[in-house]
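Undergrad: Structure file coords.txt (compact mmCIF, C-alpha atoms) is given on the next line.
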# COMPACT_ATOMS: atom_id res chain seq x y z
CA MET A 1274 56.00 173.26 157.11
CA THR A 1275 53.18 174.58 159.30
CA SER A 1276 49.77 172.93 159.58
CA PRO A 1277 46.46 174.78 158.92
CA ILE A 1278 45.72 174.82 162.67
CA GLN A 1279 49.08 176.45 163.43
CA SER A 1280 48.47 179.02 160.69
CA ARG A 1281 45.03 179.94 162.05
CA PHE A 1282 46.43 180.19 165.57
CA THR A 1283 49.22 182.50 164.38
CA ARG A 1284 46.80 184.69 162.44
CA ARG A 1285 44.47 185.00 165.43
CA ILE A 1286 47.32 186.04 167.75
CA VAL A 1287 48.62 188.51 165.20
CA SER A 1288 45.12 189.93 164.68
CA ILE A 1289 44.54 190.48 168.40
CA LEU A 1290 47.94 192.10 168.86
CA ALA A 1291 47.33 194.29 165.81
CA MET A 1292 43.96 195.44 167.19
CA GLY A 1293 45.58 196.25 170.55
CA LEU A 1294 48.41 198.11 168.78
CA PHE A 1295 45.93 200.10 166.64
CA ALA A 1296 43.79 201.03 169.66
CA GLY A 1297 46.87 202.11 171.60
CA TRP A 1298 48.03 204.22 168.63
CA LEU A 1299 44.65 205.99 168.45
CA PHE A 1300 44.86 206.94 172.10
CA ASP A 1301 48.59 207.41 172.05
CA GLN A 1302 48.93 204.45 174.53
CA ILE A 1303 50.61 201.68 172.54
CA PHE A 1304 51.86 199.46 175.39
CA PRO A 1305 48.66 199.67 177.46
CA GLY A 1306 46.76 198.76 174.29
CA LEU A 1307 48.93 195.70 173.73
CA PHE A 1308 48.54 194.75 177.42
CA ILE A 1309 44.74 195.04 177.30
CA ALA A 1310 44.59 192.95 174.11
CA THR A 1311 46.81 190.25 175.63
CA LEU A 1312 44.81 190.25 178.87
CA PHE A 1313 41.57 189.92 176.89
CA TYR A 1314 42.93 186.91 175.00
CA LEU A 1315 44.10 185.26 178.23
CA LEU A 1316 40.71 185.77 179.89
CA TRP A 1317 38.92 184.44 176.84
CA SER A 1318 41.23 181.39 176.73
CA HIS A 1319 40.63 180.79 180.44
CA TYR A 1320 36.88 180.92 179.85
CA GLN A 1321 37.17 178.38 177.02
CA LEU A 1322 39.35 176.16 179.19
CA HIS A 1323 36.71 176.33 181.95
CA ARG A 1324 34.03 175.27 179.44
CA LEU A 1325 36.26 172.40 178.32
CA LEU A 1326 36.68 171.08 181.87
CA ILE A 1327 32.93 171.26 182.53
CA TRP A 1328 32.22 169.38 179.30
CA ILE A 1329 34.84 166.69 180.02
CA ASN A 1330 33.43 166.08 183.51
CA ALA A 1331 29.90 165.85 182.18
CA ALA A 1332 30.90 163.64 179.24
CA ALA A 1333 32.48 161.13 181.63
CA HIS A 1334 28.96 159.97 182.60
CA LYS A 1335 27.17 160.22 179.26
CA GLU A 1336 28.01 161.21 175.71
CA LEU A 1337 27.42 164.97 175.13
CA PRO A 1338 28.12 167.19 172.13
CA PRO A 1339 30.97 169.67 172.61
CA PRO A 1340 30.30 173.37 173.39
CA GLU A 1341 30.12 175.72 170.44
CA SER A 1342 33.29 177.71 169.88
CA SER A 1343 35.41 179.10 167.10
CA GLY A 1344 39.04 179.27 166.18
CA LEU A 1345 41.61 177.18 167.98
CA TRP A 1346 39.29 176.27 170.83
CA GLY A 1347 36.67 175.11 168.38
CA GLU A 1348 39.28 172.82 166.83
CA ILE A 1349 40.18 171.51 170.29
CA PHE A 1350 36.54 170.80 171.17
CA ASP A 1351 35.90 169.08 167.86
CA GLY A 1352 39.14 167.05 168.05
CA ILE A 1353 38.41 165.79 171.57
CA TYR A 1354 34.85 164.96 170.52
CA ARG A 1355 36.10 162.92 167.55
CA ILE A 1356 38.51 161.03 169.82
CA GLN A 1357 35.67 160.47 172.29
CA ARG A 1358 33.40 159.07 169.57
CA LYS A 1359 36.18 156.80 168.27
CA HIS A 1360 36.93 155.57 171.78
CA SER A 1361 33.22 154.96 172.39
CA ARG A 1362 32.91 152.90 169.20
CA SER A 1363 36.03 150.88 170.12
CA LYS A 1364 34.64 150.33 173.60
CA GLN A 1365 31.34 149.11 172.17
CA ARG A 1366 33.12 146.72 169.82
CA LEU A 1367 35.26 145.39 172.66
CA ALA A 1368 32.22 144.99 174.91
CA SER A 1369 30.46 143.15 172.09
CA VAL A 1370 33.43 140.79 171.66
CA ILE A 1371 33.60 140.14 175.41
CA GLU A 1372 29.86 139.53 175.52
CA ARG A 1373 30.06 137.04 172.66
CA MET A 1374 32.98 135.28 174.33
CA GLN A 1375 31.09 135.05 177.61
CA GLU A 1376 27.99 133.75 175.82
CA SER A 1377 30.01 131.14 173.92
CA THR A 1378 31.93 129.98 177.01
CA ALA A 1379 28.69 129.89 179.00
CA ALA A 1380 27.31 127.45 176.43
CA LEU A 1381 30.27 125.07 176.87
CA ASN A 1382 29.82 121.86 178.84
CA ASP A 1383 33.39 122.23 180.12
CA GLY A 1384 34.06 124.63 182.96
CA ILE A 1385 36.41 127.59 182.52
CA VAL A 1386 37.86 129.46 185.50
CA MET A 1387 40.17 132.47 185.50
CA THR A 1388 42.24 133.38 188.56
CA ASP A 1389 44.86 135.99 189.36
CA PRO A 1390 48.49 135.05 190.21
CA ASN A 1391 47.45 134.51 193.85
CA GLY A 1392 44.78 132.00 192.86
CA SER A 1393 41.84 134.30 193.62
CA LEU A 1394 38.74 133.95 191.43
CA GLU A 1395 38.22 136.54 188.72
CA TRP A 1396 35.68 134.93 186.37
CA TRP A 1397 34.08 131.56 185.59
CA ASN A 1398 31.40 130.24 183.28
CA ARG A 1399 28.14 128.49 184.11
CA ALA A 1400 29.55 124.95 183.80
CA ALA A 1401 32.41 125.71 186.21
CA GLY A 1402 29.91 127.07 188.72
CA GLU A 1403 27.90 123.84 188.54
CA LEU A 1404 30.89 121.48 188.66
CA LEU A 1405 32.82 123.29 191.41
CA GLY A 1406 29.93 124.89 193.30
CA LEU A 1407 30.99 128.49 192.63
CA GLN A 1408 28.45 131.28 193.16
CA MET A 1409 28.48 134.71 191.55
CA PRO A 1410 29.19 137.29 192.95
CA ASP A 1411 29.76 135.93 196.47
CA ASP A 1412 32.83 133.85 195.55
CA GLN A 1413 34.45 136.43 193.30
CA GLY A 1414 37.84 137.43 194.68
CA GLN A 1415 37.99 134.40 197.00
CA PRO A 1416 40.97 131.98 196.83
CA LEU A 1417 39.90 128.98 194.76
CA THR A 1418 41.59 126.54 197.13
CA ASN A 1419 39.30 127.76 199.93
CA LEU A 1420 36.25 126.76 197.88
CA VAL A 1421 37.62 123.52 196.37
CA ARG A 1422 39.00 121.83 199.48
CA ASN A 1423 41.09 119.00 198.10
CA PRO A 1424 44.75 118.48 199.10
CA ARG A 1425 45.72 117.18 195.64
CA PHE A 1426 44.10 120.18 194.00
CA ALA A 1427 45.86 122.58 196.39
CA ARG A 1428 49.25 121.03 195.56
CA TYR A 1429 48.38 121.18 191.88
CA MET A 1430 47.55 124.90 192.12
CA ASP A 1431 50.86 125.57 193.87
CA ASN A 1432 52.92 123.65 191.29
CA SER A 1433 50.91 123.75 188.06
CA HIS A 1434 53.67 124.68 185.61
CA GLY A 1435 53.89 122.06 182.87
CA LYS A 1436 52.07 119.39 184.86
CA GLU A 1437 49.60 116.87 183.52
CA PRO A 1438 45.88 117.33 184.38
CA ILE A 1439 44.65 115.85 187.66
CA LYS A 1440 41.46 114.00 188.49
CA ILE A 1441 39.42 114.83 191.59
CA VAL A 1442 35.91 114.28 192.91
CA SER A 1443 33.56 117.22 192.41
CA PRO A 1444 33.17 119.17 195.69
CA VAL A 1445 29.38 119.40 195.15
CA HIS A 1446 28.62 116.10 193.40
CA GLU A 1447 30.43 113.10 194.90
CA SER A 1448 29.33 110.93 191.98
CA ARG A 1449 31.12 113.15 189.48
CA GLN A 1450 34.76 112.80 188.52
CA LEU A 1451 36.47 115.97 187.29
CA GLN A 1452 39.61 116.46 185.25
CA ILE A 1453 41.31 119.82 185.82
CA ALA A 1454 44.06 121.28 183.64
CA ILE A 1455 45.78 124.59 184.36
CA THR A 1456 47.41 126.94 181.87
CA VAL A 1457 49.57 129.78 183.18
CA TYR A 1458 49.52 132.97 181.10
CA GLY A 1459 50.27 136.69 181.37
CA GLN A 1460 51.91 137.69 184.63
CA GLY A 1461 51.18 134.43 186.42
CA ASP A 1462 47.41 134.37 185.87
CA ARG A 1463 45.83 130.92 185.59
CA LEU A 1464 43.20 129.53 183.26
CA LEU A 1465 41.56 126.32 184.51
CA LEU A 1466 39.71 123.91 182.23
CA VAL A 1467 37.33 121.67 184.19
CA ARG A 1468 35.85 118.62 182.46
CA ASP A 1469 33.25 116.15 183.72
CA ILE A 1470 34.79 112.73 182.99
CA SER A 1471 32.32 110.70 185.06
CA ARG A 1472 31.27 108.66 182.05
CA LEU A 1473 34.85 107.91 181.05
CA HIS A 1474 35.66 107.10 184.67
CA GLN A 1475 32.80 104.61 184.84
CA LEU A 1476 33.90 102.99 181.59
CA GLU A 1477 37.45 102.75 182.91
CA ILE A 1478 36.20 101.13 186.11
CA MET A 1479 34.13 98.68 184.06
CA ARG A 1480 37.15 97.85 181.90
CA THR A 1481 39.41 97.43 184.92
CA ASP A 1482 36.86 95.27 186.72
CA PHE A 1483 36.36 93.16 183.61
CA VAL A 1484 40.08 92.57 183.16
CA ALA A 1485 40.51 91.82 186.86
CA ASN A 1486 37.53 89.44 186.99
CA VAL A 1487 38.50 87.60 183.81
CA SER A 1488 42.12 87.33 184.95
CA HIS A 1489 41.01 86.06 188.35
CA GLU A 1490 38.64 83.50 186.81
CA LEU A 1491 41.36 82.23 184.48
CA ARG A 1492 43.72 81.48 187.36
CA THR A 1493 41.78 78.39 188.48
CA PRO A 1494 41.56 76.61 185.09
CA LEU A 1495 45.18 77.47 184.36
CA THR A 1496 46.21 76.01 187.70
CA VAL A 1497 44.31 72.83 186.87
CA ILE A 1498 45.84 72.66 183.39
CA SER A 1499 49.33 73.22 184.77
CA GLY A 1500 48.78 70.49 187.36
CA TYR A 1501 47.71 67.95 184.78
CA LEU A 1502 50.62 68.93 182.54
CA GLU A 1503 53.02 68.26 185.41
CA THR A 1504 51.33 64.91 186.01
CA MET A 1505 51.66 64.04 182.33
CA GLU A 1506 55.32 65.02 182.39
CA ASP A 1507 55.94 62.75 185.36
CA GLY A 1508 54.13 59.91 183.53
CA MET A 1509 56.19 60.37 180.38
CA ALA A 1510 59.37 60.35 182.44
CA MET A 1511 58.41 56.88 183.68
CA GLN A 1512 57.86 55.63 180.10
CA PRO A 1513 61.07 55.87 178.07
CA ASP A 1514 59.31 54.80 174.88
CA THR A 1515 57.15 57.97 174.73
CA PRO A 1516 57.32 59.44 171.21
CA PRO A 1517 59.45 62.64 171.02
CA ILE A 1518 56.58 64.54 169.41
CA PHE A 1519 54.50 64.08 172.59
CA LYS A 1520 57.34 65.33 174.77
CA ARG A 1521 57.83 68.36 172.52
CA ALA A 1522 54.10 69.14 172.56
CA LEU A 1523 53.98 68.77 176.34
CA GLY A 1524 56.93 71.15 176.74
CA GLN A 1525 55.29 73.76 174.55
CA MET A 1526 52.02 73.48 176.48
CA GLN A 1527 53.84 73.95 179.78
CA GLU A 1528 55.72 76.93 178.38
CA GLN A 1529 52.52 78.62 177.16
CA ALA A 1530 50.67 77.83 180.40
CA ALA A 1531 53.50 79.46 182.40
CA ARG A 1532 53.39 82.46 180.07
CA MET A 1533 49.64 82.77 180.56
CA GLN A 1534 50.10 82.67 184.32
CA ARG A 1535 52.66 85.49 184.15
CA LEU A 1536 50.29 87.48 181.95
CA ILE A 1537 47.41 87.03 184.40
CA GLU A 1538 49.61 88.07 187.33
CA ASP A 1539 50.70 91.21 185.47
CA LEU A 1540 47.11 92.04 184.49
CA LEU A 1541 45.95 91.69 188.09
CA LEU A 1542 48.81 93.86 189.32
CA LEU A 1543 48.12 96.53 186.69
CA SER A 1544 44.39 96.51 187.51
CA ARG A 1545 45.18 96.98 191.18
CA LEU A 1546 47.53 99.87 190.45
CA GLU A 1547 44.90 101.59 188.33
CA ALA A 1548 41.95 100.96 190.62
CA THR A 1549 43.43 101.95 193.98
CA GLU A 1550 44.78 105.20 195.34
CA PRO A 1551 48.43 105.20 196.45
CA ASP A 1552 48.91 104.86 200.18
CA ARG A 1553 50.63 107.68 202.04
CA ILE A 1554 53.54 105.83 203.63
CA SER A 1555 55.54 107.68 206.30
CA GLN A 1556 58.47 105.26 206.13
CA SER A 1557 61.17 104.98 203.52
CA VAL A 1558 62.44 101.99 201.61
CA LYS A 1559 66.17 101.36 201.72
CA LEU A 1560 67.23 101.07 198.11
CA LYS A 1561 70.54 99.22 198.32
CA PRO A 1562 69.04 95.90 199.54
CA LEU A 1563 66.10 96.29 197.16
CA LEU A 1564 68.27 96.82 194.09
CA SER A 1565 70.77 94.16 195.16
CA GLY A 1566 67.99 91.58 195.32
CA ILE A 1567 66.74 92.56 191.87
CA VAL A 1568 70.24 92.35 190.41
CA ASN A 1569 70.77 88.88 191.94
CA ASP A 1570 67.47 87.71 190.45
CA ALA A 1571 68.54 89.16 187.09
CA ARG A 1572 71.78 87.15 187.23
CA ALA A 1573 69.72 84.02 187.77
CA LEU A 1574 67.51 84.98 184.83
CA SER A 1575 70.60 85.51 182.68
CA GLY A 1576 71.87 82.03 183.48
CA GLU A 1577 74.22 80.75 180.81
CA ASN A 1578 74.04 84.05 178.91
CA GLN A 1579 76.40 85.52 181.54
CA HIS A 1580 75.30 89.13 181.36
CA GLN A 1581 77.51 91.60 183.20
CA LEU A 1582 75.43 93.47 185.78
CA GLN A 1583 76.79 96.51 187.60
CA LEU A 1584 75.03 98.19 190.56
CA GLU A 1585 75.87 101.67 191.88
CA CYS A 1586 73.92 102.81 194.91
CA GLU A 1587 74.90 104.41 198.21
CA ASP A 1588 74.25 102.36 201.31
CA ASP A 1589 72.03 105.01 202.94
CA ALA A 1590 69.93 105.80 199.85
CA SER A 1591 66.20 105.65 200.60
CA LEU A 1592 62.91 106.50 198.90
CA THR A 1593 59.46 107.01 200.35
CA GLY A 1594 56.93 104.64 198.81
CA ASP A 1595 55.55 101.12 198.59
CA ALA A 1596 58.38 98.58 198.61
CA MET A 1597 56.53 95.91 196.63
CA GLU A 1598 55.43 98.38 193.94
CA LEU A 1599 58.92 99.81 193.62
CA ARG A 1600 60.38 96.30 193.36
CA SER A 1601 57.90 95.48 190.60
CA ALA A 1602 58.74 98.63 188.60
CA PHE A 1603 62.52 98.37 188.97
CA SER A 1604 62.63 94.62 188.32
CA ASN A 1605 60.64 95.00 185.10
CA LEU A 1606 63.21 97.48 183.80
CA VAL A 1607 66.19 95.31 184.80
CA TYR A 1608 64.66 92.07 183.47
CA ASN A 1609 63.83 93.77 180.15
CA ALA A 1610 67.46 94.86 179.87
CA ILE A 1611 68.53 91.24 180.38
CA ARG A 1612 66.02 89.84 177.88
CA TYR A 1613 66.93 92.26 175.10
CA SER A 1614 70.72 92.23 175.52
CA PRO A 1615 73.01 89.72 173.76
CA CYS A 1616 74.97 87.08 175.59
CA GLY A 1617 77.64 88.70 177.75
CA GLY A 1618 75.95 92.10 177.41
CA LYS A 1619 76.39 94.83 180.02
CA VAL A 1620 73.54 96.12 182.19
CA GLN A 1621 74.15 99.07 184.51
CA VAL A 1622 71.81 99.91 187.42
CA LYS A 1623 72.61 103.24 189.06
CA TRP A 1624 70.91 105.39 191.70
CA TRP A 1625 71.89 109.00 192.41
CA GLN A 1626 70.47 112.16 193.93
CA ASP A 1627 70.80 115.83 192.98
CA GLN A 1628 68.94 119.11 193.44
CA ASP A 1629 66.06 117.83 191.28
CA GLY A 1630 65.43 114.66 193.27
CA GLY A 1631 66.34 110.98 193.02
CA HIS A 1632 67.04 109.06 189.83
CA LEU A 1633 67.33 105.37 188.97
CA MET A 1634 68.98 104.48 185.66
CA VAL A 1635 68.88 101.08 183.94
CA GLN A 1636 71.12 101.04 180.88
CA ASP A 1637 72.07 98.20 178.53
CA ASN A 1638 74.02 97.72 175.32
CA GLY A 1639 71.41 95.52 173.70
CA VAL A 1640 69.53 95.64 170.42
CA GLY A 1641 68.10 99.10 171.08
CA ILE A 1642 64.79 100.62 169.96
CA ASP A 1643 63.93 102.88 167.06
CA PRO A 1644 63.07 106.34 168.53
CA VAL A 1645 59.76 106.29 166.63
CA HIS A 1646 58.49 103.64 169.07
CA ILE A 1647 59.56 105.38 172.30
CA PRO A 1648 56.38 107.49 172.87
CA ARG A 1649 54.27 104.31 172.91
CA LEU A 1650 56.57 101.97 174.83
CA THR A 1651 54.66 102.36 178.12
CA GLU A 1652 51.33 101.43 176.54
CA ARG A 1653 50.02 98.03 177.58
CA PHE A 1654 50.68 95.22 175.08
CA TYR A 1655 52.65 97.53 172.76
CA ARG A 1656 55.44 95.56 171.13
CA VAL A 1657 58.26 96.87 168.96
CA ASP A 1658 58.88 93.39 167.53
CA LYS A 1659 56.17 90.82 168.30
CA SER A 1660 58.27 87.84 167.34
CA ARG A 1661 61.13 88.97 169.56
CA SER A 1662 58.78 89.62 172.50
CA HIS A 1663 57.28 86.13 172.24
CA ALA A 1664 60.75 84.62 172.07
CA THR A 1665 61.80 86.34 175.29
CA GLY A 1666 58.61 85.40 177.11
CA GLY A 1667 57.52 88.98 177.79
CA THR A 1668 53.88 89.86 178.51
CA GLY A 1669 53.91 93.38 177.06
CA LEU A 1670 52.86 94.87 180.41
CA GLY A 1671 56.19 95.46 182.17
CA LEU A 1672 56.71 99.07 181.13
CA ALA A 1673 53.01 99.88 181.66
CA ILE A 1674 53.34 98.58 185.24
CA ALA A 1675 56.52 100.60 185.75
CA LYS A 1676 54.82 103.76 184.47
CA HIS A 1677 51.82 103.38 186.81
CA VAL A 1678 54.05 102.69 189.80
CA LEU A 1679 56.04 105.85 189.07
CA LEU A 1680 52.84 107.90 188.74
CA ARG A 1681 51.71 106.62 192.14
CA HIS A 1682 55.05 107.79 193.54
CA GLU A 1683 54.89 111.24 191.86
CA GLY A 1684 57.63 110.16 189.47
CA ARG A 1685 58.13 109.90 185.75
CA ILE A 1686 60.21 107.86 183.31
CA THR A 1687 62.40 109.02 180.43
CA ILE A 1688 63.58 106.69 177.68
CA SER A 1689 66.41 107.08 175.20
CA SER A 1690 67.48 104.42 172.72
CA HIS A 1691 68.86 103.81 169.25
CA PRO A 1692 68.97 100.57 167.25
CA GLY A 1693 72.17 98.66 167.89
CA LYS A 1694 73.32 101.04 170.64
CA GLY A 1695 71.27 99.87 173.59
CA SER A 1696 68.64 101.60 175.71
CA ARG A 1697 68.55 103.81 178.78
CA PHE A 1698 65.57 104.05 181.15
CA ILE A 1699 65.67 106.66 183.93
CA CYS A 1700 63.10 106.91 186.73
CA HIS A 1701 62.85 110.39 188.26
CA PHE A 1702 61.46 111.01 191.76
CA PRO A 1703 60.84 114.43 193.40
CA LEU A 1704 62.81 115.66 196.40
CA SER A 1705 59.72 115.22 198.58
CA ARG A 1706 60.12 111.44 198.18
CA ILE A 1707 63.69 111.49 199.53
CA ASN A 1708 63.74 112.07 203.27
CA GLN A 1709 65.35 110.96 206.47
CA ALA A 1710 62.41 108.94 207.83
CA SER A 1711 62.82 105.54 209.42
CA VAL A 1712 63.83 102.98 206.83
CA VAL A 1713 62.06 99.75 205.90
CA GLU A 1714 64.44 96.90 205.11
CA VAL A 1715 63.44 94.96 201.99
Let me see whether you can do it: turn the structure in this file into structure tokens.
TA:
Amino acid sequence: MTSPIQSRFTRRIVSILAMGLFAGWLFDQIFPGLFIATLFYLLWSHYQLHRLLIWINAAAHKELPPPESSGLWGEIFDGIYRIQRKHSRSKQRLASVIERMQESTAALNDGIVMTDPNGSLEWWNRAAGELLGLQMPDDQGQPLTNLVRNPRFARYMDNSHGKEPIKIVSPVHESRQLQIAITVYGQGDRLLLVRDISRLHQLEIMRTDFVANVSHELRTPLTVISGYLETMEDGMAMQPDTPPIFKRALGQMQEQAARMQRLIEDLLLLSRLEATEPDRISQSVKLKPLLSGIVNDARALSGENQHQLQLECEDDASLTGDAMELRSAFSNLVYNAIRYSPCGGKVQVKWWQDQDGGHLMVQDNGVGIDPVHIPRLTERFYRVDKSRSHATGGTGLGLAIAKHVLLRHEGRITISSHPGKGSRFICHFPLSRINQASVVEV
């Protein structure tokens, strides 16, 4: 089925050929007549094509009406003009949307930065310019890491896939703390969200200082109380007729005083971990002696419960980091396994390395944990069962300390557990933390 345009085109061609055939018949020159008619149509089409090219070139700079024409060429001119108008309207709508987006993002207090896959700047809003010191248009096309000179930020840009946001000091305002999160989209392009968290940072410092100061101030009275309790215990030992209720009360006071001392020590350690930057240590910690010491201490903690502890670690295994912090993190995991495992329970401590890095696993066959609690286990003072935690003498800070130590060592912790089937804690460290540097004996 032919369209109206095809029909008109066919009629025009037939009409021109018929006129050429009629003129050639009048002059008894049929073929020359057809040739002249065809040549005329070709020249006329060429002329219309020339007009079309001139109009297209002129319309590229500003919108112009199409040249007047008839027939097929008139349809072509009108069709292109309609497409041009439609494209122009779409372009205006798109420009309006982009303008509204830029206006809305410019009004945000959070900075937004867009870079290409190579990390070169493409666009940023007003807040990002103020927080990072970016200037338009001088910095456009420049690598962002050349303008924000921070080693942690450079490493974050190089390995930003699926990582948590980082905190850095603003390159133009030293008093401002920034949180930067990167989202990778498209063909490797990056979208950076920059937030000013100075207020939250100050509140966090105030909270940390408060906890540290209160914990420090409580150490002296607790020491005095513990000393007097020991003196009272020695006095009661010299008087056999002391009522049992006094002895029981004294024992409970000593137990709670010791628990308070452990709590204060954990709070001070956690405050120090949160308030200080991790030191860049060029030496490695030999893990076999470190883990062996923790396992021996765990056996002493088990005492009459006779837990079965198993250690698997190669003699030459080492990890770059702070030995005391690593001991604190690993011991908290092992001691928790002892506390929450039944008498004679099994606790496995295993270290291994693979292409992803180093891994330390602490696994027990204890009471286990409902998976609903796992996302919150590393929060400070979070308890699955408060009565059970008090019975075991825990402070509720062990896993929070372990988490912060791992963060300071570029690591992470994964937890899997089910009620009645035990728990498994695995600490993961990157390959960069496993090297052949000189080893520190622990």
Undergrad: Please check which residues have atoms at most 9 Å from (52.7, 93.9, 187.6) in the file's coordinates, counting all atoms listed in the file, and write them as a ChimeraX atom specification.
TA: /A:1536,1538-1546,1598,1601-1602,1605,1670-1671,1673-1675
Undergrad: Tell me, in Å to one decimal, how far atom CA of A:Val1620 is from atom CA of A:Gln1581.
TA: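 Rounded to one decimal, the two atoms are 6.1 Å apart.
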Undergrad: To one decimal place in Å, what is the distance between atom CA of A:Trp1396 and atom CA of A:Asn1419?
TA: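 Value for the atom CA of A:Trp1396-atom CA of A:Asn1419 distance: 15.8 Å.
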Undergrad: Would you work out the distance separating atom CA of A:Met1430 from atom CA of A:Arg1399, expressed in Å to one decimal?
TA: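 Here the two named atoms are 21.3 Å from each other.
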Undergrad: List the spatial neighbours of stretch 1516-1524 of chain A as JSON, numbers by chain - criterion: any atom at most 9 Å away, only C-alpha atoms, same-chain residues fewer than 5 positions off excluded.
TA: {"A": [1502, 1505, 1506, 1509, 1529]}
Undergrad: Around stretch 1558-1565 of chain A, fit a box with edges along x, y and z, padding it by 6 Å on each side, then list its centre and edge lengths in Å to one decimal as JSON.
TA:
{"center_x": 66.6, "center_y": 98.1, "center_z": 197.9, "size_x": 20.3, "size_y": 19.8, "size_z": 19.6}
Undergrad: Which residue, A:Ser1591, A:Gln1621, A:Gln1452, A:Ser1369, has the smallest gap to A:Arg1472 when you use all atoms listed in the file?
TA: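 For A:Arg1472, the nearest of the candidates is A:Gln1452.
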Undergrad: Which stretch 1420-1490 of chain A residues have any atom within 9 Å of an atom of stretch 1391-1395 of chain A, and for each, what is the nearest pair of atoms with distance in Å to one decimal, counting only C-alpha atoms, rows sorted by chain and number, as a tab-separated table?
TA:
residue	atom	partner	partner_atom	distance
A:Met1430	CA	A:Gly1392	CA	7.7
A:Asp1431	CA	A:Gly1392	CA	8.9
A:Gly1461	CA	A:Asn1391	CA	8.3
A:Asp1462	CA	A:Gly1392	CA	7.8
A:Arg1463	CA	A:Gly1392	CA	7.4
Undergrad: Within 10 Å of (80.3, 89.6, 175.3), only C-alpha atoms: residues as a ChimeraX atom specification?
TA: /A:1578-1581,1614-1619
Undergrad: Compare A:Val1622, A:Ile1688, A:Arg1468, A:Arg1532 by their minimum atom-to-atom distance to A:Ile1567, counting only C-alpha atoms, and give me the closest one.
TA: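 Nearest to A:Ile1567: A:Val1622.
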Undergrad: Could you pull the residues within 8 Å of A:Asp1469, counting all atoms listed in the file, minus those fewer than 3 positions along the same chain, as a ChimeraX atom specification?
TA: /A:1383,1404,1449-1452,1472
Undergrad: With a distance cut-off of 8 Å and only C-alpha atoms, select the neighbouring residues of stretch 1627-1640 of chain A, excluding the residue or stretch itself and same-chain residues fewer than 2 positions from it, and output the selection as JSON, numbers by chain.
TA: {"A": [1606, 1607, 1610, 1613, 1614, 1615, 1618, 1619, 1620, 1621, 1622, 1623, 1624, 1625, 1642, 1692, 1693, 1694, 1695, 1696, 1697, 1698, 1699, 1700, 1701, 1702, 1703, 1704, 1705, 1706, 1707]}
Undergrad: May I ask which of the residues A:Gln1321, A:Ser1689, A:Ser1448, A:Gln1365 is the closest one to A:Phe1350, counting all atoms listed in the file?
TA: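 Ranked by minimum distance to A:Phe1350, first place goes to A:Gln1321.
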Undergrad: Which residues come within 8 Å of A:Ile1439, counting only C-alpha atoms, excluding same-chain residues fewer than 3 positions away, as a PyMOL selection string?
TA: chain A and resi 1426+1429+1452-1454
